[in-house]
Each structure stands twice: as structure tokens, then as C-alpha cells.
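Here is the file upload_22.pdb (PDB, C-alpha atoms).
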```pdb
ATOM      1  CA  MET A   1     229.348  85.305  85.254
ATOM      2  CA  LYS A   2     233.135  85.834  85.338
ATOM      3  CA  ILE A   3     234.960  84.255  88.267
ATOM      4  CA  SER A   4     238.489  84.879  89.488
ATOM      5  CA  ILE A   5     240.354  82.574  91.823
ATOM      6  CA  ILE A   6     243.471  83.881  93.565
ATOM      7  CA  GLY A   7     245.887  81.077  94.443
ATOM      8  CA  ILE A   8     246.165  77.346  93.975
ATOM      9  CA  SER A   9     245.411  75.283  97.072
ATOM     10  CA  ASN A  10     243.420  72.190  98.040
ATOM     11  CA  LEU A  11     240.246  74.188  97.600
ATOM     12  CA  THR A  12     240.919  75.365  94.047
ATOM     13  CA  LYS A  13     239.922  72.111  92.337
ATOM     14  CA  ILE A  14     236.891  71.695  94.591
ATOM     15  CA  ILE A  15     235.641  75.162  93.686
ATOM     16  CA  ILE A  16     236.311  74.699  89.963
ATOM     17  CA  ASN A  17     234.426  71.391  89.962
ATOM     18  CA  LYS A  18     231.452  73.011  91.630
ATOM     19  CA  ILE A  19     231.173  76.086  89.435
ATOM     20  CA  GLU A  20     232.775  75.443  86.033
ATOM     21  CA  ASN A  21     229.507  74.530  84.308
ATOM     22  CA  HIS A  22     227.712  77.537  85.744
ATOM     23  CA  CYS A  23     229.933  80.416  84.723
ATOM     24  CA  GLU A  24     231.185  82.090  81.595
ATOM     25  CA  SER A  25     234.872  82.079  82.541
ATOM     26  CA  ILE A  26     237.205  81.192  85.392
ATOM     27  CA  LYS A  27     240.561  82.930  85.686
ATOM     28  CA  ILE A  28     243.031  81.468  88.156
ATOM     29  CA  PHE A  29     245.797  83.811  89.275
ATOM     30  CA  THR A  30     248.858  82.117  90.716
ATOM     31  CA  ILE A  31     252.370  83.018  91.818
ATOM     32  CA  LYS A  32     253.595  79.412  91.660
ATOM     33  CA  ASP A  33     254.010  77.191  88.602
ATOM     34  CA  ASP A  34     252.023  74.087  89.527
ATOM     35  CA  PHE A  35     252.466  72.186  86.258
ATOM     36  CA  ASP A  36     250.201  69.259  87.214
ATOM     37  CA  PHE A  37     247.441  71.742  87.868
ATOM     38  CA  ILE A  38     248.165  73.708  84.682
ATOM     39  CA  ASN A  39     248.203  70.526  82.545
ATOM     40  CA  GLU A  40     244.950  69.350  84.044
ATOM     41  CA  TYR A  41     243.095  72.491  82.997
ATOM     42  CA  LYS A  42     244.944  73.665  79.880
ATOM     43  CA  ASN A  43     242.390  72.192  77.466
ATOM     44  CA  LYS A  44     239.367  73.695  79.171
ATOM     45  CA  ASN A  45     238.084  76.595  77.114
ATOM     46  CA  ASN A  46     236.539  78.597  79.909
ATOM     47  CA  ILE A  47     239.443  78.185  82.365
ATOM     48  CA  LYS A  48     242.546  80.316  82.110
ATOM     49  CA  ILE A  49     245.573  80.178  84.415
ATOM     50  CA  ILE A  50     247.464  83.447  84.734
ATOM     51  CA  SER A  51     250.903  83.608  86.367
ATOM     52  CA  VAL A  52     251.572  86.760  88.353
ATOM     53  CA  GLU A  53     254.503  87.916  90.452
ATOM     54  CA  ASN A  54     252.484  89.602  93.145
ATOM     55  CA  TYR A  55     248.765  89.373  93.861
ATOM     56  CA  LEU A  56     248.540  92.796  95.493
ATOM     57  CA  GLU A  57     249.776  94.538  92.369
ATOM     58  CA  LYS A  58     247.146  92.771  90.262
ATOM     59  CA  LEU A  59     244.131  93.430  92.468
ATOM     60  CA  GLU A  60     242.789  96.301  90.364
ATOM     61  CA  PHE A  61     243.008  94.123  87.243
ATOM     62  CA  ILE A  62     241.444  91.123  88.995
ATOM     63  CA  LYS A  63     238.628  93.311  90.259
ATOM     64  CA  SER A  64     237.948  94.696  86.777
ATOM     65  CA  GLU A  65     237.834  91.185  85.306
ATOM     66  CA  SER A  66     235.546  89.570  87.865
ATOM     67  CA  ASP A  67     231.961  89.303  89.012
ATOM     68  CA  PHE A  68     233.029  87.151  91.952
ATOM     69  CA  ILE A  69     236.434  86.499  93.547
ATOM     70  CA  PHE A  70     237.739  83.562  95.593
ATOM     71  CA  ILE A  71     240.944  84.160  97.588
ATOM     72  CA  ILE A  72     242.342  80.729  98.335
ATOM     73  CA  THR A  73     246.131  80.721  98.540
ATOM     74  CA  ASP A  74     247.863  78.309 100.936
ATOM     75  CA  LYS A  75     248.532  80.993 103.545
ATOM     76  CA  ASP A  76     245.886  82.349 105.917
ATOM     77  CA  SER A  77     247.860  85.556 106.374
ATOM     78  CA  SER A  78     247.926  86.224 102.606
ATOM     79  CA  ASN A  79     244.236  85.410 102.194
ATOM     80  CA  SER A  80     243.233  87.671 105.066
ATOM     81  CA  PHE A  81     245.430  90.523 103.860
ATOM     82  CA  LEU A  82     244.229  90.240 100.250
ATOM     83  CA  PHE A  83     240.636  90.164 101.439
ATOM     84  CA  HIS A  84     241.084  93.296 103.545
ATOM     85  CA  LYS A  85     242.728  95.030 100.601
ATOM     86  CA  ILE A  86     240.090  93.951  98.108
ATOM     87  CA  LYS A  87     237.211  94.875 100.376
ATOM     88  CA  LEU A  88     238.254  98.494  99.874
ATOM     89  CA  LEU A  89     237.636  97.976  96.156
ATOM     90  CA  VAL A  90     234.593  95.721  95.870
ATOM     91  CA  GLU A  91     231.507  94.727  97.873
ATOM     92  CA  ILE A  92     232.417  92.045 100.388
ATOM     93  CA  SER A  93     229.455  89.949  99.211
ATOM     94  CA  LYS A  94     231.410  89.434  95.965
ATOM     95  CA  VAL A  95     234.435  87.868  97.681
ATOM     96  CA  GLN A  96     235.084  84.661  99.606
ATOM     97  CA  PHE A  97     238.397  83.840 101.256
ATOM     98  CA  LEU A  98     239.956  80.724 102.709
ATOM     99  CA  ILE A  99     241.050  80.575 106.356
ATOM    100  CA  LYS A 100     242.340  77.226 107.632
ATOM    101  CA  ASN A 101     243.014  78.217 111.246
ATOM    102  CA  SER A 102     239.774  77.579 113.145
ATOM    103  CA  TYR A 103     240.211  80.475 115.601
ATOM    104  CA  LEU A 104     240.683  82.960 112.762
ATOM    105  CA  PHE A 105     237.877  81.341 110.795
ATOM    106  CA  ASN A 106     235.426  82.002 113.647
ATOM    107  CA  LEU A 107     236.857  85.478 114.253
ATOM    108  CA  TYR A 108     236.122  86.490 110.670
ATOM    109  CA  ARG A 109     232.803  84.666 110.518
ATOM    110  CA  ASN A 110     231.678  86.662 113.564
ATOM    111  CA  LYS A 111     232.572  89.813 111.631
ATOM    112  CA  LYS A 112     230.171  88.577 108.906
ATOM    113  CA  TYR A 113     232.953  88.122 106.383
ATOM    114  CA  SER A 114     232.534  85.459 103.675
ATOM    115  CA  VAL A 115     235.154  83.100 104.984
ATOM    116  CA  ILE A 116     235.458  79.478 103.866
ATOM    117  CA  ASN A 117     237.456  76.402 104.815
ATOM    118  CA  GLU A 118     237.638  72.813 103.636
ATOM    119  CA  SER A 119     234.717  71.613 105.704
ATOM    120  CA  SER A 120     232.429  74.575 105.035
ATOM    121  CA  ILE A 121     232.965  74.467 101.275
ATOM    122  CA  GLU A 122     231.141  71.128 100.997
ATOM    123  CA  ASP A 123     227.976  72.618 102.480
ATOM    124  CA  ASN A 124     228.447  75.913 100.700
ATOM    125  CA  ASP A 125     225.938  76.550  97.940
ATOM    126  CA  LEU A 126     228.522  78.206  95.701
ATOM    127  CA  ILE A 127     226.303  78.473  92.639
ATOM    128  CA  ASN A 128     223.731  80.561  94.462
ATOM    129  CA  ILE A 129     226.394  82.586  96.292
ATOM    130  CA  ILE A 130     228.163  83.665  93.113
ATOM    131  CA  ARG A 131     224.874  84.412  91.379
ATOM    132  CA  SER A 132     223.403  86.454  94.221
TER     133      SER A 132
ATOM    134  CA  MET B   1     254.224  97.104 131.829
ATOM    135  CA  TYR B   2     254.050  93.872 129.889
ATOM    136  CA  ILE B   3     254.871  94.144 126.183
ATOM    137  CA  ILE B   4     254.687  91.431 123.530
ATOM    138  CA  ILE B   5     256.767  91.999 120.406
ATOM    139  CA  SER B   6     256.087  90.078 117.220
ATOM    140  CA  GLY B   7     259.170  90.033 115.032
ATOM    141  CA  MET B   8     262.847  89.931 115.967
ATOM    142  CA  ASN B   9     265.090  92.459 114.232
ATOM    143  CA  ASN B  10     267.570  95.197 115.110
ATOM    144  CA  LEU B  11     264.820  97.683 115.844
ATOM    145  CA  THR B  12     262.803  95.442 118.153
ATOM    146  CA  PHE B  13     265.973  94.191 119.826
ATOM    147  CA  ALA B  14     266.960  97.791 120.672
ATOM    148  CA  LEU B  15     263.415  98.526 121.832
ATOM    149  CA  ALA B  16     263.347  95.466 124.073
ATOM    150  CA  LYS B  17     266.662  96.427 125.655
ATOM    151  CA  LYS B  18     265.225  99.853 126.499
ATOM    152  CA  PHE B  19     262.000  98.415 127.880
ATOM    153  CA  ILE B  20     263.865  95.915 130.046
ATOM    154  CA  SER B  21     266.224  98.612 131.375
ATOM    155  CA  GLN B  22     263.122 100.614 132.372
ATOM    156  CA  GLY B  23     261.832  97.627 134.324
ATOM    157  CA  ASP B  24     259.219  96.509 131.781
ATOM    158  CA  GLU B  25     258.580  92.873 130.945
ATOM    159  CA  VAL B  26     259.008  91.805 127.314
ATOM    160  CA  THR B  27     258.255  88.641 125.343
ATOM    161  CA  PHE B  28     259.158  88.112 121.700
ATOM    162  CA  ILE B  29     257.257  85.892 119.269
ATOM    163  CA  ASP B  30     258.967  84.832 116.051
ATOM    164  CA  SER B  31     259.199  81.705 113.926
ATOM    165  CA  ASP B  32     262.952  82.054 113.304
ATOM    166  CA  GLU B  33     264.761  79.655 115.623
ATOM    167  CA  ALA B  34     268.220  81.207 115.175
ATOM    168  CA  LYS B  35     266.944  84.678 116.075
ATOM    169  CA  SER B  36     265.031  83.270 119.009
ATOM    170  CA  LYS B  37     268.172  81.579 120.381
ATOM    171  CA  ASN B  38     270.109  84.799 119.930
ATOM    172  CA  ILE B  39     267.506  86.766 121.894
ATOM    173  CA  ASP B  40     267.506  84.183 124.687
ATOM    174  CA  LYS B  41     271.299  84.302 124.827
ATOM    175  CA  THR B  42     271.549  88.096 124.950
ATOM    176  CA  LEU B  43     268.406  89.271 126.741
ATOM    177  CA  GLY B  44     267.400  86.169 128.722
ATOM    178  CA  PHE B  45     264.720  83.593 128.022
ATOM    179  CA  ILE B  46     262.096  85.950 126.707
ATOM    180  CA  SER B  47     261.222  84.500 123.330
ATOM    181  CA  ILE B  48     258.559  82.117 122.131
ATOM    182  CA  LEU B  49     259.132  80.269 118.917
ATOM    183  CA  GLY B  50     256.008  80.221 116.801
ATOM    184  CA  ASN B  51     253.679  81.889 114.412
ATOM    185  CA  SER B  52     252.761  85.284 115.808
ATOM    186  CA  TYR B  53     249.223  85.194 114.444
ATOM    187  CA  ASN B  54     248.464  81.844 116.018
ATOM    188  CA  ASN B  55     246.068  82.371 118.924
ATOM    189  CA  GLN B  56     247.634  79.570 121.006
ATOM    190  CA  THR B  57     251.111  81.057 120.610
ATOM    191  CA  GLN B  58     249.820  84.458 121.710
ATOM    192  CA  VAL B  59     248.047  82.897 124.711
ATOM    193  CA  GLU B  60     251.286  81.090 125.628
ATOM    194  CA  ALA B  61     253.051  84.458 125.449
ATOM    195  CA  GLY B  62     250.509  85.862 127.911
ATOM    196  CA  ILE B  63     248.528  88.095 125.583
ATOM    197  CA  GLU B  64     245.633  88.313 128.041
ATOM    198  CA  ARG B  65     247.735  90.188 130.615
ATOM    199  CA  ALA B  66     249.799  92.284 128.170
ATOM    200  CA  GLN B  67     249.338  96.041 127.841
ATOM    201  CA  PHE B  68     250.990  96.368 124.428
ATOM    202  CA  PHE B  69     251.371  94.239 121.311
ATOM    203  CA  ILE B  70     254.023  95.518 118.906
ATOM    204  CA  ALA B  71     253.722  93.997 115.420
ATOM    205  CA  ALA B  72     257.133  94.577 113.874
ATOM    206  CA  ASN B  73     257.720  91.810 111.343
ATOM    207  CA  ILE B  74     259.121  92.665 107.932
ATOM    208  CA  ASP B  75     255.920  91.271 106.437
ATOM    209  CA  ASP B  76     252.836  93.516 106.682
ATOM    210  CA  GLU B  77     250.540  90.500 106.248
ATOM    211  CA  ILE B  78     251.872  88.939 109.452
ATOM    212  CA  ASN B  79     251.673  92.251 111.331
ATOM    213  CA  PHE B  80     248.086  92.795 110.236
ATOM    214  CA  ILE B  81     246.700  89.408 111.161
ATOM    215  CA  GLY B  82     248.837  89.133 114.323
ATOM    216  CA  ALA B  83     247.473  92.427 115.658
ATOM    217  CA  GLN B  84     243.914  91.377 114.802
ATOM    218  CA  VAL B  85     244.322  88.174 116.812
ATOM    219  CA  ALA B  86     245.901  90.097 119.715
ATOM    220  CA  LYS B  87     242.923  92.496 119.818
ATOM    221  CA  SER B  88     240.474  89.620 119.693
ATOM    222  CA  LEU B  89     242.150  87.908 122.660
ATOM    223  CA  ASN B  90     242.569  91.057 124.728
ATOM    224  CA  GLN B  91     240.294  93.982 123.917
ATOM    225  CA  ASP B  92     242.196  96.332 126.239
ATOM    226  CA  ILE B  93     245.574  95.745 124.629
ATOM    227  CA  LYS B  94     247.160  98.600 122.661
ATOM    228  CA  THR B  95     248.367  97.457 119.265
ATOM    229  CA  ILE B  96     251.299  99.206 117.639
ATOM    230  CA  ILE B  97     252.018  98.310 114.028
ATOM    231  CA  LEU B  98     255.250  98.980 112.160
ATOM    232  CA  LEU B  99     254.217  99.479 108.563
ATOM    233  CA  ASN B 100     256.728  98.256 105.978
ATOM    234  CA  ASN B 101     254.982  99.241 102.766
ATOM    235  CA  ILE B 102     253.239 102.603 102.642
ATOM    236  CA  SER B 103     250.812 101.357  99.977
ATOM    237  CA  ASN B 104     249.324  99.052 102.627
ATOM    238  CA  LYS B 105     248.530 101.886 105.029
ATOM    239  CA  GLU B 106     244.854 102.181 104.110
ATOM    240  CA  ILE B 107     244.188  98.557 105.092
ATOM    241  CA  PHE B 108     245.645  99.166 108.531
ATOM    242  CA  MET B 109     243.735 102.444 108.884
ATOM    243  CA  ASP B 110     240.526 100.568 108.153
ATOM    244  CA  ASP B 111     240.947  98.297 111.179
ATOM    245  CA  GLU B 112     240.901  98.922 114.928
ATOM    246  CA  PHE B 113     244.647  99.274 115.551
ATOM    247  CA  ASP B 114     245.878 101.907 118.002
ATOM    248  CA  GLN B 115     249.083 103.185 116.419
ATOM    249  CA  ILE B 116     250.539 102.740 112.949
ATOM    250  CA  ILE B 117     254.155 103.769 112.482
ATOM    251  CA  GLU B 118     255.854 103.775 109.098
ATOM    252  CA  TYR B 119     259.408 102.460 108.866
ATOM    253  CA  ASP B 120     260.115 105.232 106.338
ATOM    254  CA  GLU B 121     258.900 107.761 108.905
ATOM    255  CA  ILE B 122     261.320 106.442 111.536
ATOM    256  CA  ILE B 123     264.264 106.563 109.146
ATOM    257  CA  SER B 124     263.451 109.994 107.698
ATOM    258  CA  SER B 125     262.908 111.528 111.111
ATOM    259  CA  LYS B 126     266.242 110.083 112.278
ATOM    260  CA  ILE B 127     268.038 111.549 109.251
ATOM    261  CA  ASN B 128     266.231 114.871 109.658
ATOM    262  CA  SER B 129     267.094 115.007 113.323
ATOM    263  CA  TYR B 130     270.757 114.344 112.522
ATOM    264  CA  ILE B 131     270.852 117.050 109.870
ATOM    265  CA  THR B 132     269.099 119.629 112.039
ATOM    266  CA  SER B 133     271.492 118.844 114.883
ATOM    267  CA  GLN B 134     274.367 119.904 112.650
ATOM    268  CA  SER B 135     274.101 123.595 113.531
ATOM    269  CA  ASP B 136     276.712 124.869 111.079
ATOM    270  CA  MET B 137     276.653 123.369 107.614
ATOM    271  CA  ASN B 138     278.489 124.233 104.415
ATOM    272  CA  ILE B 139     276.109 124.214 101.452
ATOM    273  CA  TYR B 140     278.250 125.692  98.679
ATOM    274  CA  THR B 141     281.941 126.445  98.068
ATOM    275  CA  ASP B 142     282.965 128.986  95.437
ATOM    276  CA  ASN B 143     286.580 128.060  94.680
ATOM    277  CA  ASP B 144     287.037 130.952  92.238
ATOM    278  CA  ASN B 145     286.206 133.596  94.807
ATOM    279  CA  TYR B 146     287.373 131.633  97.853
ATOM    280  CA  THR B 147     284.030 131.877  99.608
ATOM    281  CA  GLU B 148     281.657 129.417 101.223
ATOM    282  CA  ILE B 149     277.931 129.700 101.716
ATOM    283  CA  ARG B 150     276.988 128.231 105.094
ATOM    284  CA  ILE B 151     273.788 127.715 107.052
ATOM    285  CA  LEU B 152     273.773 128.267 110.781
ATOM    286  CA  SER B 153     270.736 126.560 112.340
ATOM    287  CA  ALA B 154     269.303 127.878 115.594
ATOM    288  CA  GLY B 155     267.596 124.572 116.436
ATOM    289  CA  THR B 156     265.354 124.588 119.486
ATOM    290  CA  ASP B 157     267.828 125.085 122.308
ATOM    291  CA  SER B 158     270.756 126.965 120.791
ATOM    292  CA  GLN B 159     272.484 129.755 122.705
ATOM    293  CA  ILE B 160     271.980 132.108 119.752
ATOM    294  CA  ILE B 161     268.189 132.159 120.247
ATOM    295  CA  GLY B 162     267.065 135.558 121.509
ATOM    296  CA  LYS B 163     270.161 137.334 120.235
ATOM    297  CA  SER B 164     270.439 139.544 117.147
ATOM    298  CA  ILE B 165     272.982 138.927 114.360
ATOM    299  CA  ASN B 166     275.023 141.880 115.630
ATOM    300  CA  GLU B 167     275.335 140.190 119.032
ATOM    301  CA  LEU B 168     276.736 136.956 117.588
ATOM    302  CA  ASN B 169     280.320 138.160 117.252
ATOM    303  CA  LEU B 170     280.711 136.575 113.832
ATOM    304  CA  SER B 171     284.222 136.775 112.415
ATOM    305  CA  LYS B 172     284.965 139.771 110.215
ATOM    306  CA  ASN B 173     285.221 137.644 107.079
ATOM    307  CA  THR B 174     281.617 136.454 107.590
ATOM    308  CA  LYS B 175     278.756 138.327 105.990
ATOM    309  CA  THR B 176     275.119 137.628 106.836
ATOM    310  CA  ILE B 177     272.953 137.105 103.764
ATOM    311  CA  ALA B 178     269.541 136.450 105.305
ATOM    312  CA  ILE B 179     267.596 134.972 108.204
ATOM    313  CA  ILE B 180     265.132 132.288 107.160
ATOM    314  CA  SER B 181     262.359 131.521 109.633
ATOM    315  CA  SER B 182     260.890 128.021 110.124
ATOM    316  CA  SER B 183     257.819 129.158 108.180
ATOM    317  CA  GLY B 184     260.013 130.138 105.226
ATOM    318  CA  ASN B 185     259.983 133.949 105.655
ATOM    319  CA  ILE B 186     263.245 135.585 104.586
ATOM    320  CA  SER B 187     264.420 138.588 106.574
ATOM    321  CA  HIS B 188     267.322 140.977 105.979
ATOM    322  CA  ASN B 189     266.710 142.892 109.179
ATOM    323  CA  PHE B 190     269.720 141.792 111.198
ATOM    324  CA  SER B 191     268.708 143.636 114.340
ATOM    325  CA  ASP B 192     265.794 141.217 114.819
ATOM    326  CA  THR B 193     266.291 138.559 117.459
ATOM    327  CA  ILE B 194     266.817 134.970 116.335
ATOM    328  CA  ASN B 195     263.936 132.590 116.983
ATOM    329  CA  PRO B 196     263.977 128.801 117.506
ATOM    330  CA  LEU B 197     264.403 126.876 114.209
ATOM    331  CA  ASP B 198     265.590 130.002 112.325
ATOM    332  CA  LYS B 199     268.346 129.413 109.805
ATOM    333  CA  ILE B 200     271.005 132.060 109.117
ATOM    334  CA  LEU B 201     272.504 132.120 105.651
ATOM    335  CA  LEU B 202     276.130 133.263 105.754
ATOM    336  CA  GLN B 203     278.839 134.019 103.223
ATOM    337  CA  VAL B 204     282.279 133.226 104.601
ATOM    338  CA  SER B 205     285.416 134.435 102.913
ATOM    339  CA  MET B 206     288.214 131.867 102.993
ATOM    340  CA  ASN B 207     290.851 134.585 102.532
ATOM    341  CA  ASN B 208     292.443 135.696 105.761
TER     342      ASN B 208
END
```
Would you kindly transcribe this structure into C-alpha cells?
Amino acid sequence: MKISIIGISNLTKIIINKIENHCESIKIFTIKDDFDFINEYKNKNNIKIISVENYLEKLEFIKSESDFIFIITDKDSSNSFLFHKIKLLVEISKVQFLIKNSYLFNLYRNKKYSVINESSIEDNDLINIIRS
Amino acid sequence: MYIIISGMNNLTFALAKKFISQGDEVTFIDSDEAKSKNIDKTLGFISILGNSYNNQTQVEAGIERAQFFIAANIDDEINFIGAQVAKSLNQDIKTIILLNNISNKEIFMDDEFDQIIEYDEIISSKINSYITSQSDMNIYTDNDNYTEIRILSAGTDSQIIGKSINELNLSKNTKTIAIISSSGNISHNFSDTINPLDKILLQVSMNN
């Protein structure tokens, strides 16, 4: 199982901790150089951090490299937009995206999108979701 | 009508001025304080400082009673999510999106927005309209033979429409080369009447 994570945010470490022993590889795509984060994971064999200039331009590549995608940048607007773009390329059951604003979170959840936030991630059975 | 505009820029400023002069009510939402102050100073206190995709900001702006939501930020992400929130708060509202990047069009088409307008489309139609309004245009000058090739455009409301070339009283140093119709047909029959949008290709001698 190959996992891609778009963006570094509070949720990135939580997700990595939950899934790293259950997948073949995790690629983290980021537009910011978070050196503490990079140093923390640089010795992990199955985790690779890839710097990109623009997520939208890399979506085709990310899609081709992934069995499951998490979109978890710091900005709700970016996560929503990337999700709507990527849902034209892959099944929405293969993508989860972070929305911090509670109104938007409920709006998307009512549309049956796989939306996550900091409180839902704790109850989220990620292993089964990415394997399904 | 009540119109909410997300994004303050030259285009939305000009739009708001028009709406207000027509008696419409306008409120801007933008997170740029300097622009907001400028709007308040020039158009009156009609701006709300905040994130245009925040539901509370939109409610404060009166989204529930608005007829139109114009998403005109320079960032397509903000326009997309802002219009989604507007629709969710007021299902009857008409959402108009100004699309900055054409490669994002398919995302907007996939959602329930009412009108998507490309910035490129606005600019190109403005340029095209300027060029077509120039009814007589030089396209080539032959300095060796002292002649110019010119295009005379009939447009849609020109006085030459309905007349033949012979009735135009062109100067004697002007020779008609062809009449090109809007569909691209080229005619050398100069007794035909000129139709709207026809273009007349002329050779003009610069010798007296």
C-alpha cells in the first residue's frame, strides 16, 4: 500500500504514526521546508519527503504514485480545492482531506466526502480506510 | 438587488460603482484592511473585513437576503470555496465566479455555480471590441510603391451597411481588392451590398 500525504500540518505526524507500520511507503509532498519535520523522518526508510513548488501541478504524479491520498495542508481552501481537483482523477474513496472550519466540515460530510479534522482523526480507523 | 462581492480589485470596484449608480445595494468581503478602508472612503461603508469563505462573515454580510454572490478574488481556491459556502447558506442565490486560471475551469464546471467568467475572456473581448470599433485600419504599407493596404470594417451599425462599393464614393486613388464576409467568404463582386461585419480590403495609393 503506497500512501501520499499532501502538506505538513498538525495532522501529518498523527497520520504517519497511525499508518507507518501498515504500508509499503509514505510520500509527503510539501511546499514549505519544515526542517524539524524533515530531520525527524529522514532516517525512516519507508518515508520520503518531496519538496514541490505547486501541488496542483503535481497531482497527476501524486495520483500515479499512490493507492491512497491524504490532503492535509494548513489551509482549508487549499485542501478543498485540491480535493475537488483530485476527485476528477481518482475515486473519492481513495482520498481524505482536512477541513478545520466546522461549518465547512459538516457541509462536506453531508456531501459524503471523506473529510477529516483533528477530533475525527482520533476515532478514524485509518488502517481499515486505506486498505478498503 | 442586493449583491455581495468577494474580492476588492479594480474590476470589482468598477462593478460596484455601476451597481450603486443603478440603485443596487452592494457589500464587499475581503481580508485586506487597506483595500477595505479605501472602499469605505470612496464608496461608503460597504465593506466587511474577513475571510470570504467563512460562514459567519457571509452571514454578517447578509448572504441570506442577497440575490447575487460575485466571487472575484485573484485566488481561484478562495472563489471556489466562498461560492460553495454562499450556496449552502442561501440556495436561491446566484453565484458568479471570475476564473483566474483556465486550467481550473473543470473543477468549477463540476459544481453547482451559476456563471463562470474567465478573466482572459473579459480582456480578449475588450481588446476585440476595441479593434473591431476601429472601422478603418492600415494593415500594410508598401513604401516602394507608395501604397497602403487597409481594412474597412462594416461593424454592426455602420452607415455603409446596405450600400454597394460603387455607392461608397471612395477616393479615386483607392482600389477595392475584395469584400470578406464574417463567415470568411471572399467576394470580388462589388455591386453586392455590404452586410454587417463585412470587411472591405482596399489598396490606397499614397501618390496624389
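Candidate residues B:Met109, B:Ala178, B:Met137, B:Ile117 were compared for distance to chain A, and the nearest is B:Met109, using only C-alpha atoms.
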Please identify all residues of chain A having at least one atom at most 9 Å from any atom of chain B, considering all atoms listed in the file, and return them as a CSV table (one decimal) with C-alpha atoms, in the frame of the given file.
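Result saved to out.csv:
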```
chain,number,residue,atom,x,y,z
A,76,ASP,CA,245.9,82.3,105.9
A,77,SER,CA,247.9,85.6,106.4
A,78,SER,CA,247.9,86.2,102.6
A,80,SER,CA,243.2,87.7,105.1
A,81,PHE,CA,245.4,90.5,103.9
A,82,LEU,CA,244.2,90.2,100.2
A,84,HIS,CA,241.1,93.3,103.5
A,85,LYS,CA,242.7,95.0,100.6
A,88,LEU,CA,238.3,98.5,99.9
A,101,ASN,CA,243.0,78.2,111.2
A,103,TYR,CA,240.2,80.5,115.6
A,104,LEU,CA,240.7,83.0,112.8
A,107,LEU,CA,236.9,85.5,114.3
```
Edge lengths and centre in Å to one decimal, as JSON, is what I'm after for the box along x, y and z that holds all listed atoms of region 81-100 of chain B once 6 Å is added on each side.
```
{"center_x": 248.5, "center_y": 93.7, "center_z": 116.1, "size_x": 28.4, "size_y": 23.6, "size_z": 32.3}
```
Can you list, as a tab-separated table (two decimals) with C-alpha atoms, in the coordinates of the input, every protein, DNA or RNA residue that comes within 9 Å of region 44-57 of chain A when you count all atoms listed in the file, leaving out same-chain residues fewer than 4 positions away?
```
chain	number	residue	atom	x	y	z
A	6	ILE	CA	243.47	83.88	93.56
A	7	GLY	CA	245.89	81.08	94.44
A	16	ILE	CA	236.31	74.70	89.96
A	20	GLU	CA	232.78	75.44	86.03
A	23	CYS	CA	229.93	80.42	84.72
A	24	GLU	CA	231.18	82.09	81.60
A	25	SER	CA	234.87	82.08	82.54
A	26	ILE	CA	237.20	81.19	85.39
A	27	LYS	CA	240.56	82.93	85.69
A	28	ILE	CA	243.03	81.47	88.16
A	29	PHE	CA	245.80	83.81	89.28
A	30	THR	CA	248.86	82.12	90.72
A	31	ILE	CA	252.37	83.02	91.82
A	32	LYS	CA	253.60	79.41	91.66
A	33	ASP	CA	254.01	77.19	88.60
A	38	ILE	CA	248.16	73.71	84.68
A	40	GLU	CA	244.95	69.35	84.04
A	61	PHE	CA	243.01	94.12	87.24
A	62	ILE	CA	241.44	91.12	89.00
A	82	LEU	CA	244.23	90.24	100.25
A	85	LYS	CA	242.73	95.03	100.60
A	86	ILE	CA	240.09	93.95	98.11
```
- For Ile96 (chain B), which residue among B:Lys35, B:Ile151, B:Ile5, B:Leu170 is the nearest when counting all atoms listed in the file?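 Closest candidate: B:Ile5.
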- Message: Would you compute the distance between CA of Ile3 (chain B) and CA of Phe19 (chain B)? Give it in Å to one decimal.
- Response: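 Answer for the CA of Ile3 (chain B) to CA of Phe19 (chain B) separation: 8.5 Å.
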- Message: the PyMOL selection byres ((chain B and resi 198) around 6) - which residues does that actually catch in the file I just gave you? List them as a list of chain:residue names.
- Response: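 Matching residues under the PyMOL selection byres ((chain B and resi 198) around 6) are B:Ala154, B:Ile180, B:Ser181, B:Ser182, B:Asn195, B:Pro196, B:Leu197, B:Lys199.
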- Query: Near region 60-70 of chain B, within 6 Å and counting all atoms listed in the file, which residues show up once chain neighbours fewer than 3 positions away are dropped, as a list in words?
  - Reply: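 Listed by chain and then number, they are Tyr2, Ile3, Ile4, Ile5, Thr57, Asn90, Ile93, Lys94, Thr95, Ile96 and Ile97 of chain B.
Interatomic distance, CA of Ala34 (chain B) to CA of Lys75 (chain A): 22.9 Å.
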- One decimal, Å: what's the distance from CA of Ile102 (chain B) over to CA of Glu118 (chain B), could you say?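 Here the two named atoms are 7.1 Å from each other.
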- Item | Protein, DNA and RNA residues within 8 Å of (238.3, 75.1, 103.7), all atoms listed in the file, as a list in words |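 Those residues lying close to the given coordinates are Leu11, Leu98, Ile99, Lys100, Ile116, Asn117, Glu118, Ser119, Ser120 and Ile121 of chain A.
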- Message: Residues near Leu202 (chain B), anyone? I mean within 9 Å using all atoms listed in the file, not counting same-chain ones fewer than 2 positions away, as a ChimeraX atom specification.
- Response: /B:148-152,174-178,200,204
- Task: Name the residues captured by the PyMOL selection byres ((chain A and resi 89-94) around 8) when it is applied to the shown file; answer as a VMD selection string.
- Result: chain A and resid 60 63 67 to 69 85 to 88 95 to 96 113 to 114 130
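In this comparison, which uses all atoms listed in the file, the residue of A:Ile71, A:Lys112, A:Lys18, A:Phe83 approaching Leu126 (chain A) most closely is A:Lys18.
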- Task: Name every residue that the PyMOL selection byres ((chain B and resi 25) around 7) selects in this structure, writing the answer as a list in words with chains first and numbers rising.
- Result: Met1, Tyr2, Ile3, Ile20, Gly23, Asp24 and Val26 of chain B
- Item | Option closest in space to Ser171 (chain B), from B:Asn10, B:Gln203, B:Thr141, B:Ser47 [counting all atoms listed in the file] | B:Gln203
